Number of protein chains: 2
Amino acid sequence: MKIAVDAFGGDNAPQAVVEGVVQSLQKEKGFEVILFGDEGSIEAELKKYEYDKSRIQIVHAPDVVGYDEAPTVAVKRKKESSLVKALEALRDKNADAFVSGGSTGAVLAGATLIVRRLKGVKRPALAPLLPTRHGSYVLLIDCGANVDSKPSYLQQFAVMADAYMREVGDVKKPRIGLINNGAEAEKGNELTKAAYQLLKKTPVHFTGNCEARDILSGEYDAVVCDGFIGNVVLKYTEGLAFTLMGMIKDELMADTFSKLGAALSKNAFMRVKKKMDYTEYGGAPLLGIDGCVIKAHGSSNGKAFTAAILQAKRFYEAGVNAAIARAVEALPSIED
Amino acid sequence: MKIAVDAFGGDNAPQAVVEGVVQSLQKEKGFEVILFGDEGSIEAELKKYEYDKSRIQIVHAPDVVGYDEAPTVAVKRKKESSLVKALEALRDKNADAFVSGGSTGAVLAGATLIVRRLKGVKRPALAPLLPTRHGSYVLLIDCGANVDSKPSYLQQFAVMADAYMREVGDVKKPRIGLINNGAEAEKGNELTKAAYQLLKKTPVHFTGNCEARDILSGEYDAVVCDGFIGNVVLKYTEGLAFTLMGMIKDELMADTFSKLGAALSKNAFMRVKKKMDYTEYGGAPLLGIDGCVIKAHGSSNGKAFTAAILQAKRFYEAGVNAAIARAVEALPSIED
């Protein structure tokens, strides 16, 4: 299989991307990488490493889609960008999967406009994984691709999450919750009340409403929500973790005993950091696209790109998209 | 001034409530408390303390509104409940402020149906304070009283938050943000896009969109959102803090050096806990009601009730409601 990698997507591109690619090839066999971007720069980076030359191909793409560009406009105009050319390779089946750490908006727009949706899918959804206390992960879907969702979108998110967590997450019977403002069935806003009724009838293991305090409890393998909510949850995770770790740091430095204690507990804090670290568990799949699209975090380092590339490989090999297509087709048609 | 206190609201009622009342009277002068609830039980609790008997009055209310009751039904039927009788005292101006740790739904329904809204206020909003890293607080409004909000509700939330943070929070020019899925003005769902345009024209210090990662940054004195979003943020704060502190605890206990370090840093962790502890900063004001209503956390202990009672006193003395009424009246009338 072949993975198309946008060498110029992300804050640390192309260095971190090329580093991630080389490491991923060292870690696993059975796939090749096509790097899209300025050929000279990519070659210069590759020179730093020893690697199997037969497994890397470069496709020259001189242009870059920036973070500050209007996504749809950029995707339509920048035909020679690494993002667009890599997505075209996915569309044309010259690649089986795609990874980019570029602008989320541009990846979403590009995947939708160039690769297009799986048949029957109303809205593709971005679905990052969050770590729970006990080492499992919960898929948060949708995380910003769609705002003002309809109930039927949330139903489709549930079947897409179910397929992904079964096939890639190795969860036999994923427990799927609906993020809501109360645990009781009758709680919610117009969207979640209607979505609850649909999810009850959907062939997934729907375990009911999930209050936000329980998202990370480990009781759910996936939680479904409108993209505005998912965006708030994802970004607040970052903000609150930063605030809390900052408070702890401030207080550990505030007295001599604590300072000494902090020095002694250094390894414990490193392990917590590792558990919370997105670089450990790859990027976010964009589900519902007719191809395997992984959006890596914009600030990904080499290790994060390695994880994202290997995640793209699993995404493809597990046959998730065929499972999604079947599941979506089996849903009753709803116009909402 | 007189504060009506629901002695039977909260998981630890009436013990914690009575303890909080006695402590609040010891801490500050210039107010009296009317305790509503079963007279015998309240008297039995009061016997445990030394206090100025002239400052506490008991009004017998034999019934209790439970957490599992449908709020509106309970408030309408349970005329002899501590919640209803205390709110009636507020309505009839026999009390100047009200505190309850009872069911949020019942406090909202009771305040709206019995005390009623301030003139011109479309929707009362629940507005808890969250601690930021550097010791300041941010008011989160609305936090669950309203779902499916209209843009004009969010505009009113902003002026109510402005009045509260100026008068009670002692912030000269509260910085008010709109929780949104991007920092740019054009970002958002239908609601936040329209609300942004209204807030730009509102006579408060609107500093623009606030991404969820920045809610606790200390850059905002209040953040405005639909109640569904506020509910998710509030409950996720609890869930994520619990998860993260749990991860840290697990790792600190996982090796000998860290265990020793944790013992040495004990005071630092106590200080972090204190910073994050809602019992330190009282309850959540319900803004937009024609009376000063404070909803204490359901699991409040004595200290939390003390803080909530003193917060109710400041809420009344600061004249927040008159400021809200003036500010709301000055807004252009919007039908949305």
# chains A, B, ... in the order shown; residues from 1 in each chain; ligands from 1
>>> residues_around(residues="Ile229 in chain A", least_positions_apart="2", cutoff="8 Å", atoms="only C-alpha atoms", output="list in words")
Cys143, Gly144, Cys225, Asp226, Gly227, Asn231, Val232 and Val233 of chain A; Ile229 and Val232 of chain B
>>> write_last_selection(atoms="N, CA and C atoms", output="PDB file, in the first residue's frame")
ATOM      1  N   CYS A 143     -15.562  16.811  15.538  1.00  0.00           N
ATOM      2  CA  CYS A 143     -14.712  17.709  16.269  1.00  0.00           C
ATOM      3  C   CYS A 143     -14.444  19.003  15.517  1.00  0.00           C
ATOM      4  N   GLY A 144     -15.417  19.483  14.789  1.00  0.00           N
ATOM      5  CA  GLY A 144     -15.237  20.788  14.173  1.00  0.00           C
ATOM      6  C   GLY A 144     -15.498  20.833  12.678  1.00  0.00           C
ATOM      7  N   CYS A 225     -21.252  14.101  18.893  1.00  0.00           N
ATOM      8  CA  CYS A 225     -21.745  15.461  19.158  1.00  0.00           C
ATOM      9  C   CYS A 225     -21.653  16.311  17.893  1.00  0.00           C
ATOM     10  N   ASP A 226     -22.336  17.431  17.912  1.00  0.00           N
ATOM     11  CA  ASP A 226     -22.170  18.450  16.873  1.00  0.00           C
ATOM     12  C   ASP A 226     -20.727  18.955  16.912  1.00  0.00           C
ATOM     13  N   GLY A 227     -20.225  19.373  15.746  1.00  0.00           N
ATOM     14  CA  GLY A 227     -18.836  19.797  15.649  1.00  0.00           C
ATOM     15  C   GLY A 227     -18.471  21.011  16.503  1.00  0.00           C
ATOM     16  N   ASN A 231     -15.466  20.723  19.096  1.00  0.00           N
ATOM     17  CA  ASN A 231     -14.391  21.706  19.045  1.00  0.00           C
ATOM     18  C   ASN A 231     -14.144  22.302  20.430  1.00  0.00           C
ATOM     19  N   VAL A 232     -15.229  22.620  21.131  1.00  0.00           N
ATOM     20  CA  VAL A 232     -15.098  23.172  22.489  1.00  0.00           C
ATOM     21  C   VAL A 232     -14.430  22.146  23.407  1.00  0.00           C
ATOM     22  N   VAL A 233     -14.877  20.896  23.340  1.00  0.00           N
ATOM     23  CA  VAL A 233     -14.314  19.867  24.216  1.00  0.00           C
ATOM     24  C   VAL A 233     -12.819  19.675  23.923  1.00  0.00           C
TER      25      VAL A 233
ATOM     26  N   ILE B 229     -23.645  24.588  25.861  1.00  0.00           N
ATOM     27  CA  ILE B 229     -22.180  24.710  25.816  1.00  0.00           C
ATOM     28  C   ILE B 229     -21.627  24.930  27.230  1.00  0.00           C
ATOM     29  N   VAL B 232     -21.608  21.806  29.181  1.00  0.00           N
ATOM     30  CA  VAL B 232     -20.512  20.917  28.767  1.00  0.00           C
ATOM     31  C   VAL B 232     -19.188  21.406  29.368  1.00  0.00           C
TER      32      VAL B 232
END
>>> closest_atom_pairs(of="chain A", to="chain B", cutoff="8 Å", atoms="only C-alpha atoms", output="JSON lines")
{"residue": "A:Thr132", "atom": "CA", "partner": "B:Thr243", "partner_atom": "CA", "distance": 7.1}
{"residue": "A:Arg133", "atom": "CA", "partner": "B:Thr243", "partner_atom": "CA", "distance": 5.4}
{"residue": "A:His134", "atom": "CA", "partner": "B:Met247", "partner_atom": "CA", "distance": 7.9}
{"residue": "A:Gly144", "atom": "CA", "partner": "B:Asn181", "partner_atom": "CA", "distance": 7.5}
{"residue": "A:Val147", "atom": "CA", "partner": "B:Asn189", "partner_atom": "CA", "distance": 5.5}
{"residue": "A:Asp148", "atom": "CA", "partner": "B:Asn189", "partner_atom": "CA", "distance": 6.0}
{"residue": "A:Asn180", "atom": "CA", "partner": "B:Val232", "partner_atom": "CA", "distance": 7.7}
{"residue": "A:Asn181", "atom": "CA", "partner": "B:Asn231", "partner_atom": "CA", "distance": 6.1}
{"residue": "A:Gly188", "atom": "CA", "partner": "B:Val147", "partner_atom": "CA", "distance": 7.6}
{"residue": "A:Asn189", "atom": "CA", "partner": "B:Val147", "partner_atom": "CA", "distance": 5.5}
{"residue": "A:Glu190", "atom": "CA", "partner": "B:Asp148", "partner_atom": "CA", "distance": 7.0}
{"residue": "A:Glu211", "atom": "CA", "partner": "B:Lys235", "partner_atom": "CA", "distance": 7.2}
{"residue": "A:Ala212", "atom": "CA", "partner": "B:Tyr236", "partner_atom": "CA", "distance": 4.7}
{"residue": "A:Arg213", "atom": "CA", "partner": "B:Gly239", "partner_atom": "CA", "distance": 3.9}
{"residue": "A:Asp214", "atom": "CA", "partner": "B:Gly239", "partner_atom": "CA", "distance": 6.1}
{"residue": "A:Ile215", "atom": "CA", "partner": "B:Gly239", "partner_atom": "CA", "distance": 7.4}
{"residue": "A:Leu216", "atom": "CA", "partner": "B:Gly239", "partner_atom": "CA", "distance": 6.8}
{"residue": "A:Ser217", "atom": "CA", "partner": "B:Thr243", "partner_atom": "CA", "distance": 7.4}
{"residue": "A:Phe228", "atom": "CA", "partner": "B:Asn181", "partner_atom": "CA", "distance": 6.1}
{"residue": "A:Ile229", "atom": "CA", "partner": "B:Ile229", "partner_atom": "CA", "distance": 6.8}
{"residue": "A:Asn231", "atom": "CA", "partner": "B:Asn181", "partner_atom": "CA", "distance": 6.1}
{"residue": "A:Val232", "atom": "CA", "partner": "B:Ala212", "partner_atom": "CA", "distance": 5.2}
{"residue": "A:Val233", "atom": "CA", "partner": "B:Val233", "partner_atom": "CA", "distance": 7.4}
{"residue": "A:Lys235", "atom": "CA", "partner": "B:Arg213", "partner_atom": "CA", "distance": 4.6}
{"residue": "A:Tyr236", "atom": "CA", "partner": "B:Arg213", "partner_atom": "CA", "distance": 4.5}
{"residue": "A:Thr237", "atom": "CA", "partner": "B:Arg213", "partner_atom": "CA", "distance": 7.2}
{"residue": "A:Glu238", "atom": "CA", "partner": "B:Arg213", "partner_atom": "CA", "distance": 5.9}
{"residue": "A:Gly239", "atom": "CA", "partner": "B:Arg213", "partner_atom": "CA", "distance": 3.9}
{"residue": "A:Leu240", "atom": "CA", "partner": "B:Leu216", "partner_atom": "CA", "distance": 6.8}
{"residue": "A:Ala241", "atom": "CA", "partner": "B:Leu244", "partner_atom": "CA", "distance": 7.5}
{"residue": "A:Thr243", "atom": "CA", "partner": "B:Arg133", "partner_atom": "CA", "distance": 5.4}
{"residue": "A:Leu244", "atom": "CA", "partner": "B:Arg133", "partner_atom": "CA", "distance": 7.2}
{"residue": "A:Gly246", "atom": "CA", "partner": "B:Arg133", "partner_atom": "CA", "distance": 6.8}
{"residue": "A:Met247", "atom": "CA", "partner": "B:Arg133", "partner_atom": "CA", "distance": 5.8}
{"residue": "A:Ile248", "atom": "CA", "partner": "B:Val272", "partner_atom": "CA", "distance": 6.1}
{"residue": "A:Glu251", "atom": "CA", "partner": "B:Ala268", "partner_atom": "CA", "distance": 4.9}
{"residue": "A:Leu252", "atom": "CA", "partner": "B:Ala268", "partner_atom": "CA", "distance": 5.3}
{"residue": "A:Ala254", "atom": "CA", "partner": "B:Ala268", "partner_atom": "CA", "distance": 7.5}
{"residue": "A:Asp255", "atom": "CA", "partner": "B:Ala268", "partner_atom": "CA", "distance": 7.8}
{"residue": "A:Phe257", "atom": "CA", "partner": "B:Leu264", "partner_atom": "CA", "distance": 5.4}
{"residue": "A:Ser258", "atom": "CA", "partner": "B:Ser265", "partner_atom": "CA", "distance": 3.8}
{"residue": "A:Lys259", "atom": "CA", "partner": "B:Ser265", "partner_atom": "CA", "distance": 7.2}
{"residue": "A:Leu260", "atom": "CA", "partner": "B:Gly261", "partner_atom": "CA", "distance": 6.9}
{"residue": "A:Gly261", "atom": "CA", "partner": "B:Gly261", "partner_atom": "CA", "distance": 3.6}
{"residue": "A:Ala262", "atom": "CA", "partner": "B:Gly261", "partner_atom": "CA", "distance": 5.9}
{"residue": "A:Ala263", "atom": "CA", "partner": "B:Gly261", "partner_atom": "CA", "distance": 7.1}
{"residue": "A:Leu264", "atom": "CA", "partner": "B:Gly261", "partner_atom": "CA", "distance": 4.8}
{"residue": "A:Ser265", "atom": "CA", "partner": "B:Ser258", "partner_atom": "CA", "distance": 3.8}
{"residue": "A:Lys266", "atom": "CA", "partner": "B:Ser258", "partner_atom": "CA", "distance": 7.1}
{"residue": "A:Asn267", "atom": "CA", "partner": "B:Ser258", "partner_atom": "CA", "distance": 7.1}
{"residue": "A:Ala268", "atom": "CA", "partner": "B:Glu251", "partner_atom": "CA", "distance": 4.9}
{"residue": "A:Phe269", "atom": "CA", "partner": "B:Ile248", "partner_atom": "CA", "distance": 6.9}
{"residue": "A:Arg271", "atom": "CA", "partner": "B:Glu251", "partner_atom": "CA", "distance": 6.8}
{"residue": "A:Val272", "atom": "CA", "partner": "B:Ile248", "partner_atom": "CA", "distance": 6.1}
>>> residues_around(residues="range 93-100 of chain B", least_positions_apart="4", cutoff="8 Å", atoms="only C-alpha atoms", output="list in words")
Met1, Lys2, Ile3, Ala4, Val5, Asp6, Ala7, Gly9, Gly10, Ile34, Leu83, Ala86, Leu87, Ala89, Val107, Gly291, Cys292, Val293, Ile294, Lys295, Ala296, Ala308, Ile309, Ala312, Lys313 and Tyr316 of chain B
>>> closest_residue(among="A:Gly282, A:Leu126, A:Gly298, A:Gln15", to="Gly66 in chain A", atoms="only C-alpha atoms")
A:Gly298
>>> residues_around(residues="Ile289 in chain A", least_positions_apart="4", cutoff="8 Å", atoms="only C-alpha atoms", output="PyMOL selection string")
chain A and resi 111-112+115-118+124+293+321
>>> closest_residue(among="B:Ala183, B:Val224, B:Val138, B:Met160", to="Ala322 in chain B", atoms="only C-alpha atoms")
B:Met160
>>> closest_residue(among="A:Ser82, A:Asp63, A:Gln57, A:Lys274", to="Phe36 in chain A", atoms="only C-alpha atoms")
A:Ser82
>>> atom_distance(atom1="CA of Gln156 in chain B", atom2="CA of Val84 in chain B")
26.8 Å
